[in-house]
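Source file: work-v8.cif; contents: mmCIF, C-alpha atoms and all ligand atoms.
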```cif
data_coords
loop_
_atom_site.label_atom_id
_atom_site.label_comp_id
_atom_site.auth_asym_id
_atom_site.auth_seq_id
_atom_site.Cartn_x
_atom_site.Cartn_y
_atom_site.Cartn_z
CA MET A 1 17.56 4.82 -18.24
CA GLN A 2 15.03 6.91 -16.38
CA THR A 3 14.51 7.01 -12.65
CA LEU A 4 11.01 7.44 -11.27
CA ALA A 5 10.56 7.96 -7.52
CA LEU A 6 7.31 7.41 -5.63
CA TYR A 7 7.75 9.81 -2.79
CA HIS A 8 5.83 11.70 -0.17
CA LEU A 9 6.63 13.09 3.21
CA LYS A 10 3.38 11.49 4.39
CA GLY A 11 3.05 7.83 5.21
CA GLY A 12 0.34 5.43 4.08
CA VAL A 13 -0.75 7.37 0.99
CA GLY A 14 -0.23 4.62 -1.61
CA LYS A 15 3.42 5.11 -2.61
CA THR A 16 4.33 1.44 -2.45
CA ALA A 17 1.10 0.29 -4.11
CA ALA A 18 1.75 2.71 -6.98
CA ALA A 19 5.47 1.89 -7.20
CA VAL A 20 4.82 -1.87 -7.43
CA ASN A 21 2.07 -1.46 -10.00
CA LEU A 22 3.91 1.06 -12.16
CA ALA A 23 7.08 -1.06 -12.17
CA TYR A 24 5.02 -4.12 -13.10
CA LEU A 25 3.32 -2.28 -15.97
CA ALA A 26 6.60 -0.92 -17.33
CA ALA A 27 8.08 -4.43 -17.25
CA ARG A 28 4.97 -5.82 -18.93
CA ASP A 29 5.42 -3.22 -21.67
CA GLY A 30 8.80 -4.82 -22.30
CA TYR A 31 11.05 -2.32 -20.51
CA PRO A 32 13.73 -3.92 -18.33
CA THR A 33 12.76 -2.45 -14.97
CA LEU A 34 14.32 -2.35 -11.53
CA PHE A 35 12.16 -1.87 -8.45
CA TRP A 36 14.43 -0.41 -5.78
CA ASP A 37 12.97 -0.70 -2.31
CA LEU A 38 14.41 2.18 -0.32
CA ASP A 39 12.10 1.60 2.62
CA PRO A 40 13.55 -0.60 5.37
CA GLN A 41 9.98 -1.72 6.15
CA GLY A 42 10.23 -3.67 2.91
CA ALA A 43 6.58 -3.76 1.85
CA GLY A 44 7.46 -3.52 -1.83
CA SER A 45 10.05 -6.29 -1.56
CA TRP A 46 7.51 -8.44 0.19
CA TYR A 47 5.00 -7.99 -2.65
CA LEU A 48 7.57 -8.89 -5.29
CA GLU A 49 10.19 -11.16 -3.86
CA ALA A 50 10.08 -14.84 -4.65
CA GLU A 51 12.93 -16.02 -2.45
CA ALA A 52 15.26 -14.78 0.27
CA SER A 53 18.40 -12.90 -0.76
CA GLU A 54 21.82 -14.50 -0.40
CA ALA A 55 24.08 -13.17 2.33
CA ILE A 56 26.43 -10.42 1.17
CA ASP A 57 29.81 -9.39 2.52
CA ALA A 58 28.76 -6.01 3.95
CA ASP A 59 32.29 -4.84 4.52
CA LYS A 60 33.28 -5.36 0.89
CA LEU A 61 30.13 -3.62 -0.31
CA VAL A 62 30.70 -0.57 1.82
CA LYS A 63 34.38 -0.40 0.83
CA GLY A 64 33.34 -0.47 -2.82
CA LYS A 65 34.93 -3.88 -3.50
CA LEU A 66 31.62 -5.49 -4.30
CA ALA A 67 29.31 -4.17 -7.00
CA VAL A 68 25.92 -3.10 -5.70
CA GLY A 69 24.38 -4.86 -8.72
CA ARG A 70 25.13 -8.17 -7.00
CA LEU A 71 22.20 -7.48 -4.69
CA VAL A 72 19.64 -7.29 -7.47
CA ARG A 73 17.19 -10.19 -7.54
CA PRO A 74 14.90 -11.48 -10.27
CA THR A 75 11.15 -11.48 -9.57
CA ARG A 76 8.41 -13.82 -10.81
CA PHE A 77 7.58 -11.19 -13.42
CA GLU A 78 9.34 -10.97 -16.75
CA ASN A 79 11.63 -7.92 -17.13
CA LEU A 80 11.16 -6.96 -13.48
CA SER A 81 14.06 -7.07 -11.04
CA LEU A 82 14.20 -6.10 -7.40
CA MET A 83 16.70 -4.36 -5.18
CA PRO A 84 15.37 -5.63 -1.85
CA ALA A 85 14.80 -3.57 1.26
CA ASP A 86 17.53 -5.59 2.90
CA PHE A 87 19.97 -3.32 1.10
CA SER A 88 18.42 -0.12 2.53
CA LEU A 89 18.24 -1.65 5.94
CA ARG A 90 21.86 -2.70 6.14
CA TYR A 91 24.00 -0.59 3.84
CA LEU A 92 22.29 2.44 2.39
CA ASP A 93 22.90 4.84 5.27
CA ILE A 94 26.58 3.96 5.38
CA LEU A 95 26.96 4.34 1.62
CA LEU A 96 25.14 7.69 1.62
CA ARG A 97 27.35 9.03 4.39
CA LYS A 98 30.50 8.14 2.45
CA VAL A 99 29.75 10.68 -0.28
CA GLN A 100 29.57 14.41 0.39
CA GLY A 101 26.51 16.22 -0.92
CA ASN A 102 23.41 14.46 -2.16
CA ASP A 103 24.66 12.48 -5.13
CA ALA A 104 25.43 9.13 -3.52
CA LEU A 105 22.23 7.43 -4.66
CA LYS A 106 22.64 8.84 -8.15
CA ARG A 107 26.13 7.34 -8.28
CA LEU A 108 24.89 3.99 -7.03
CA LEU A 109 22.35 3.98 -9.84
CA ALA A 110 24.83 4.79 -12.62
CA PRO A 111 26.00 1.21 -13.36
CA PHE A 112 22.40 0.12 -13.90
CA ARG A 113 22.23 2.13 -17.12
CA GLU A 114 23.51 -0.91 -18.98
CA MET A 115 20.81 -3.18 -17.58
CA PHE A 116 17.60 -1.25 -17.11
CA THR A 117 15.42 1.21 -18.99
CA LEU A 118 13.51 2.23 -15.88
CA VAL A 119 14.28 2.31 -12.18
CA VAL A 120 11.34 2.78 -9.81
CA LEU A 121 12.30 3.99 -6.34
CA ASP A 122 9.86 3.15 -3.56
CA CYS A 123 10.67 5.70 -0.88
CA PRO A 124 10.06 5.80 2.86
CA PRO A 125 8.01 8.74 4.16
CA SER A 126 10.39 11.41 5.43
CA LEU A 127 12.27 14.58 4.63
CA SER A 128 15.83 13.52 5.25
CA HIS A 129 19.26 13.14 3.74
CA LEU A 130 17.83 10.15 1.89
CA ALA A 131 15.03 12.33 0.48
CA ALA A 132 17.64 14.81 -0.77
CA ASN A 133 19.44 11.93 -2.48
CA ILE A 134 16.17 10.74 -4.00
CA PHE A 135 15.44 14.22 -5.37
CA ALA A 136 18.91 14.37 -6.93
CA ALA A 137 18.67 10.90 -8.48
CA ALA A 138 15.12 10.95 -9.86
CA ASP A 139 14.17 12.19 -13.33
CA ALA A 140 10.58 12.33 -12.08
CA VAL A 141 9.09 12.31 -8.59
CA ALA A 142 5.49 11.08 -8.45
CA VAL A 143 3.66 12.16 -5.29
CA PRO A 144 0.43 10.39 -4.27
CA ILE A 145 -1.97 12.74 -2.53
CA VAL A 146 -4.97 11.54 -0.56
CA PRO A 147 -7.56 14.30 -1.01
CA SER A 148 -7.38 16.09 2.33
CA HIS A 149 -6.18 19.48 3.48
CA LEU A 150 -3.43 17.98 5.60
CA SER A 151 -2.13 15.97 2.71
CA LEU A 152 -2.08 19.08 0.52
CA ARG A 153 -0.21 20.95 3.20
CA ALA A 154 2.38 18.17 3.29
CA PHE A 155 2.69 18.42 -0.48
CA ASP A 156 3.47 22.14 -0.09
CA PHE A 157 6.41 21.21 2.12
CA VAL A 158 7.66 18.74 -0.46
CA HIS A 159 7.28 21.29 -3.23
CA GLU A 160 9.17 23.96 -1.27
CA GLU A 161 11.93 21.59 -0.25
CA TYR A 162 12.32 20.28 -3.79
CA LYS A 163 12.68 23.83 -5.11
CA ALA A 164 14.99 24.84 -2.27
CA GLN A 165 17.31 22.03 -3.26
CA GLY A 166 17.58 23.47 -6.74
CA HIS A 167 15.29 21.08 -8.63
CA LYS A 168 12.71 22.07 -11.18
CA PRO A 169 9.17 21.73 -9.80
CA ARG A 170 7.99 20.48 -13.21
CA ARG A 171 9.66 17.20 -12.34
CA LEU A 172 7.24 16.77 -9.43
CA HIS A 173 4.12 14.90 -10.48
CA PRO A 174 1.38 14.89 -7.85
CA PHE A 175 -1.65 12.68 -8.39
CA PHE A 176 -4.70 11.88 -6.28
CA SER A 177 -4.55 8.55 -4.49
CA MET A 178 -7.03 6.44 -2.47
CA VAL A 179 -9.89 8.52 -3.82
CA ASP A 180 -13.26 7.66 -2.34
CA ARG A 181 -16.04 9.15 -4.44
CA ARG A 182 -18.51 8.71 -1.59
CA ARG A 183 -16.69 11.33 0.42
CA ARG A 184 -17.68 14.93 -0.14
CA LEU A 185 -14.26 16.42 0.48
CA HIS A 186 -12.68 13.99 -1.99
CA ASN A 187 -15.14 15.04 -4.67
CA GLU A 188 -14.73 18.72 -3.90
CA LEU A 189 -10.94 18.61 -4.03
CA LEU A 190 -10.98 16.60 -7.23
CA VAL A 191 -13.38 18.93 -9.01
CA ASP A 192 -11.82 22.09 -7.69
CA ALA A 193 -8.18 21.20 -7.10
CA PRO A 194 -5.98 23.91 -5.60
CA LYS A 195 -3.81 25.90 -8.02
CA ARG A 196 -0.62 24.32 -6.77
CA LEU A 197 -1.83 21.03 -8.18
CA LYS A 198 -2.46 22.41 -11.64
CA ARG A 199 0.30 20.29 -13.17
CA ARG A 200 -0.91 17.11 -11.50
CA LEU A 201 -1.37 13.89 -13.40
CA GLY A 202 -4.96 13.61 -14.61
CA THR A 203 -5.37 10.03 -13.38
CA SER A 204 -6.61 9.40 -9.85
CA ILE A 205 -6.19 6.08 -8.10
CA PRO A 206 -9.50 4.99 -6.54
CA TYR A 207 -9.84 3.62 -3.03
CA ALA A 208 -10.35 -0.09 -3.74
CA SER A 209 -10.12 -3.20 -1.62
CA VAL A 210 -8.53 -5.05 -4.54
CA ILE A 211 -5.40 -2.99 -3.85
CA GLU A 212 -5.33 -4.23 -0.28
CA ARG A 213 -5.53 -7.74 -1.70
CA MET A 214 -2.01 -7.25 -3.05
CA GLY A 215 -0.83 -8.26 0.42
CA GLN A 216 -2.67 -11.56 0.15
CA GLU A 217 -1.67 -12.30 -3.43
CA ARG A 218 1.84 -10.87 -3.04
CA ALA A 219 1.54 -9.44 -6.54
CA PRO A 220 0.60 -6.25 -8.42
CA VAL A 221 -3.16 -5.82 -9.00
CA GLY A 222 -2.63 -5.85 -12.75
CA SER A 223 -1.40 -9.45 -12.52
CA PHE A 224 -4.41 -10.91 -10.67
CA ALA A 225 -7.24 -8.48 -11.49
CA PRO A 226 -6.24 -6.90 -14.81
CA ARG A 227 -9.75 -5.65 -15.73
CA HIS A 228 -10.50 -4.06 -12.35
CA PRO A 229 -10.92 -0.25 -12.48
CA ALA A 230 -7.99 0.09 -10.05
CA SER A 231 -5.70 -1.81 -12.44
CA LEU A 232 -6.92 0.32 -15.32
CA ALA A 233 -6.20 3.44 -13.26
CA TYR A 234 -2.60 2.35 -12.69
CA GLU A 235 -2.31 1.70 -16.41
CA ALA A 236 -3.57 5.17 -17.23
CA LEU A 237 -1.17 6.62 -14.67
CA TRP A 238 1.73 4.74 -16.26
CA GLN A 239 0.77 6.00 -19.73
CA GLU A 240 0.68 9.55 -18.42
CA LEU A 241 3.99 9.26 -16.60
CA LYS A 242 5.59 7.83 -19.71
CA GLN A 243 4.72 11.04 -21.49
CA ARG A 244 6.51 12.98 -18.79
CA LEU A 245 9.68 10.89 -18.81
CA PRO A 246 11.87 12.31 -21.58
CA GLU A 247 13.34 8.96 -22.72
CA PHE A 248 9.91 7.34 -23.01
CA SER A 249 7.96 10.11 -24.68
CA ASN A 250 10.02 10.14 -27.91
N1 LIG B 1 -5.95 2.92 -3.61
C1 LIG B 1 -6.01 2.16 -2.49
N2 LIG B 1 -7.18 1.67 -2.05
C2 LIG B 1 -7.27 0.94 -0.92
N3 LIG B 1 -6.22 0.63 -0.16
C3 LIG B 1 -5.00 1.08 -0.56
C4 LIG B 1 -4.83 1.87 -1.74
N4 LIG B 1 -3.52 2.18 -1.86
C5 LIG B 1 -2.91 1.60 -0.83
N5 LIG B 1 -3.78 0.94 -0.03
C6 LIG B 1 -3.51 0.24 1.23
O1 LIG B 1 -3.16 1.22 2.19
C7 LIG B 1 -2.01 0.82 2.92
C8 LIG B 1 -0.88 1.82 2.67
O2 LIG B 1 -0.54 1.76 1.30
P1 LIG B 1 0.97 1.84 0.80
O3 LIG B 1 1.80 0.86 1.56
O4 LIG B 1 0.97 1.72 -0.66
O5 LIG B 1 1.31 3.32 1.27
P2 LIG B 1 2.73 4.01 1.45
O6 LIG B 1 2.53 5.44 1.13
O7 LIG B 1 3.75 3.27 0.69
O8 LIG B 1 2.96 3.80 3.02
P3 LIG B 1 4.35 4.02 3.81
O9 LIG B 1 4.48 5.49 3.96
O10 LIG B 1 4.12 3.30 5.11
O11 LIG B 1 5.43 3.41 2.99
C9 LIG B 1 -1.71 -0.60 2.49
O12 LIG B 1 -2.33 -1.49 3.36
C10 LIG B 1 -2.33 -0.70 1.11
O13 LIG B 1 -2.76 -2.01 0.81
MG MG B 2 5.57 2.41 1.29
#
```
Let me see whether you can do it: turn the structure in this file into structure tokens.
Ligand SMILES: Nc1ncnc2c1ncn2[C@@H]1O[C@H](COP(=O)(O)OP(=O)(O)OP(=O)(O)O)[C@@H](O)[C@H]1O
Ligand SMILES: [Mg+2]
Amino acid sequence: MQTLALYHLKGGVGKTAAAVNLAYLAARDGYPTLFWDLDPQGAGSWYLEAEASEAIDADKLVKGKLAVGRLVRPTRFENLSLMPADFSLRYLDILLRKVQGNDALKRLLAPFREMFTLVVLDCPPSLSHLAANIFAAADAVAVPIVPSHLSLRAFDFVHEEYKAQGHKPRRLHPFFSMVDRRRRLHNELLVDAPKRLKRRLGTSIPYASVIERMGQERAPVGSFAPRHPASLAYEALWQELKQRLPEFSN
């Protein structure tokens, strides 16, 4: 099992859109995949969930008497399961506080080894205890960057923090997101990307209204507009990421 996090300190940069589409593509490739919605806002769950979750005995879960796997839901898509945002909203903080250090999320993920080949973590935008747990749990952290100086500056923070927590920066995978070719700055930054992005993924995700339509369709773009350039971009991104995930590249 490999764990891929879509993370950035910045909000609204396309983390959830990428997480949903990458998880969908992995599942479509035949890999049993879990989309874990770590954001209490629950956008990812809303895109994927077919029905409401059953009520869970919170006390038992927090005391460790109920397996966290019980919260996993099927989706309408073959091979794709969902850990809904409900979990993050109600229990995650408590569970993270129970374990010293930053390994609580990693431990929560361990039992899923038997069930899934890939876990995609859709992360909320912040640098927090949760972010430290995400860094410790993820084999790869993909960081969507809207081409702007502020966004690059935020990436520098992420990069520094990731290193400061003892992780290897080669596990960070920035890529350009919401790229609008009509904008001069976007073109300039793409052509002449700063040195600190030299290991970025080559694929950029274009700014496209079809991605906004995911909210209407409640589905990944690849499922309702498979030939659209945005869908093809997510596919190329998935192929690239696969090469960077040790268990997939062999
Ligand atoms: N490439 C894109 N082109 C056009 N719109 C996009 C694109 N990617 C995302 N969006 C839209 O921008 C908004 C923010 O996207 P998304 O929710 O994926 O970002 P996020 O980084 O997960 O945000 P948050 O930090 O709030 O979780 C959404 O309305 C989404 O539909
Ligand atoms: Mg999001």
Which region 129-227 of chain A residues have any atom within 12 Å of an atom of region 101-119 of chain A, and for each, what is the nearest pair of atoms with distance in Å to one decimal, counting all atoms listed in the file, rows sorted by chain and number, as a Markdown table?
```
| residue | atom | partner | partner_atom | distance |
| --- | --- | --- | --- | --- |
| A:His129 | CA | A:Asn102 | CA | 7.3 |
| A:Leu130 | CA | A:Asn102 | CA | 8.1 |
| A:Ala131 | CA | A:Asn102 | CA | 9.0 |
| A:Ala132 | CA | A:Asn102 | CA | 5.9 |
| A:Asn133 | CA | A:Asn102 | CA | 4.7 |
| A:Ile134 | CA | A:Leu105 | CA | 6.9 |
| A:Phe135 | CA | A:Asn102 | CA | 8.6 |
| A:Ala136 | CA | A:Asp103 | CA | 6.3 |
| A:Ala137 | CA | A:Lys106 | CA | 4.5 |
| A:Ala138 | CA | A:Lys106 | CA | 8.0 |
| A:Asp139 | CA | A:Val119 | CA | 9.9 |
| A:Ala140 | CA | A:Val119 | CA | 10.7 |
| A:Val141 | CA | A:Val119 | CA | 11.8 |
| A:Gln165 | CA | A:Asn102 | CA | 9.8 |
| A:Gly166 | CA | A:Asn102 | CA | 11.7 |
```
Grab me every residue within 12 Å of ligand MG 2 (chain B), counting all atoms listed in the file, and send it over as a short mmCIF file (atom, residue, chain, number, x, y, z; two decimals) with C-alpha atoms, keeping the file's coordinate frame.
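File written: pocket_36.cif
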```
data_model
loop_
_atom_site.label_atom_id
_atom_site.label_comp_id
_atom_site.auth_asym_id
_atom_site.auth_seq_id
_atom_site.Cartn_x
_atom_site.Cartn_y
_atom_site.Cartn_z
CA ALA A 5 10.56 7.96 -7.52
CA LEU A 6 7.31 7.41 -5.63
CA TYR A 7 7.75 9.81 -2.79
CA HIS A 8 5.83 11.70 -0.17
CA LEU A 9 6.63 13.09 3.21
CA LYS A 10 3.38 11.49 4.39
CA GLY A 11 3.05 7.83 5.21
CA GLY A 12 0.34 5.43 4.08
CA VAL A 13 -0.75 7.37 0.99
CA GLY A 14 -0.23 4.62 -1.61
CA LYS A 15 3.42 5.11 -2.61
CA THR A 16 4.33 1.44 -2.45
CA ALA A 17 1.10 0.29 -4.11
CA ALA A 18 1.75 2.71 -6.98
CA ALA A 19 5.47 1.89 -7.20
CA VAL A 20 4.82 -1.87 -7.43
CA TRP A 36 14.43 -0.41 -5.78
CA ASP A 37 12.97 -0.70 -2.31
CA LEU A 38 14.41 2.18 -0.32
CA ASP A 39 12.10 1.60 2.62
CA PRO A 40 13.55 -0.60 5.37
CA GLN A 41 9.98 -1.72 6.15
CA GLY A 42 10.23 -3.67 2.91
CA ALA A 43 6.58 -3.76 1.85
CA GLY A 44 7.46 -3.52 -1.83
CA SER A 45 10.05 -6.29 -1.56
CA TRP A 46 7.51 -8.44 0.19
CA TYR A 47 5.00 -7.99 -2.65
CA ALA A 85 14.80 -3.57 1.26
CA LEU A 121 12.30 3.99 -6.34
CA ASP A 122 9.86 3.15 -3.56
CA CYS A 123 10.67 5.70 -0.88
CA PRO A 124 10.06 5.80 2.86
CA PRO A 125 8.01 8.74 4.16
CA SER A 126 10.39 11.41 5.43
CA VAL A 143 3.66 12.16 -5.29
CA PRO A 144 0.43 10.39 -4.27
#
```
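Distances to ligand LIG 1 (chain B) were evaluated for A:Glu247, A:Glu212, A:Glu161, A:Glu240 using only C-alpha atoms and all ligand atoms, and the minimum falls at A:Glu212.
Relative to CA of Ala225 (chain A), CA of Phe77 (chain A) is found at 15.2 Å.
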Check the smallest atom-to-atom distance from each of A:Ala164, A:Leu34, A:Val120, A:Leu96 to Leu71 (chain A) using all atoms listed in the file, then report the winner.
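Of A:Ala164, A:Leu34, A:Val120, A:Leu96, the one nearest Leu71 (chain A) is A:Leu34, counting all atoms listed in the file.
Selecting by distance to (15.8, -6.3, -13.0) with a limit of 8 Å and using only C-alpha atoms, one obtains Pro32, Thr33, Leu34, Phe35, Val72, Arg73, Pro74, Thr75, Asn79, Leu80, Ser81, Leu82, Met115 and Phe116 of chain A.
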Nearest to ligand LIG 1 (chain B), chosen from A:Lys60, A:Arg213, A:Arg200, A:Lys242, with all atoms listed in the file counted in the distances
A:Arg213
Point-to-point distance in Å for CA of Arg181 (chain A) and atom O7 of ligand LIG 1 (chain B)
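Here the two named atoms are 21.3 Å from each other.
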Give me, as JSON, numbers by chain, all polymer residues having an atom no more than 12 Å from Arg182 (chain A), counting only C-alpha atoms and skipping those fewer than 5 positions away in the same chain.
{"A": [187, 188, 206, 207]}
Would you put the residues from that selection into a file with C-alpha atoms, as a compact mmCIF listing (two decimals), in the frame of the given file?
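Writing done, so here's part_9.txt:
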```
# COMPACT_ATOMS: atom_id res chain seq x y z
CA ASN A 187 -15.14 15.04 -4.67
CA GLU A 188 -14.73 18.72 -3.90
CA PRO A 206 -9.50 4.99 -6.54
CA TYR A 207 -9.84 3.62 -3.03
```
Counting all atoms listed in the file, figure out which residue out of A:Val179, A:Pro246, A:Glu217, A:Ala236 gets nearest to ligand LIG 1 (chain B).
A:Val179
Residues near Val191 (chain A), anyone? I mean within 12 Å using only C-alpha atoms, not counting same-chain ones fewer than 6 positions away, as an MDAnalysis selection string.
chainID A and resid 147 176 181 184:185 197:198 202 204
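Minimum atom-to-atom distances from A:Gln243, A:Leu89, A:Gly30, A:Ile94 to Asp59 (chain A) were compared using all atoms listed in the file, and the lowest value belongs to A:Ile94.
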At a cut-off of 10 Å, using only C-alpha atoms, what residues contact Arg70 (chain A)? Leave out same-chain residues fewer than 5 positions from it and give the result as a PyMOL selection string.
chain A and resi 54+56+61+83
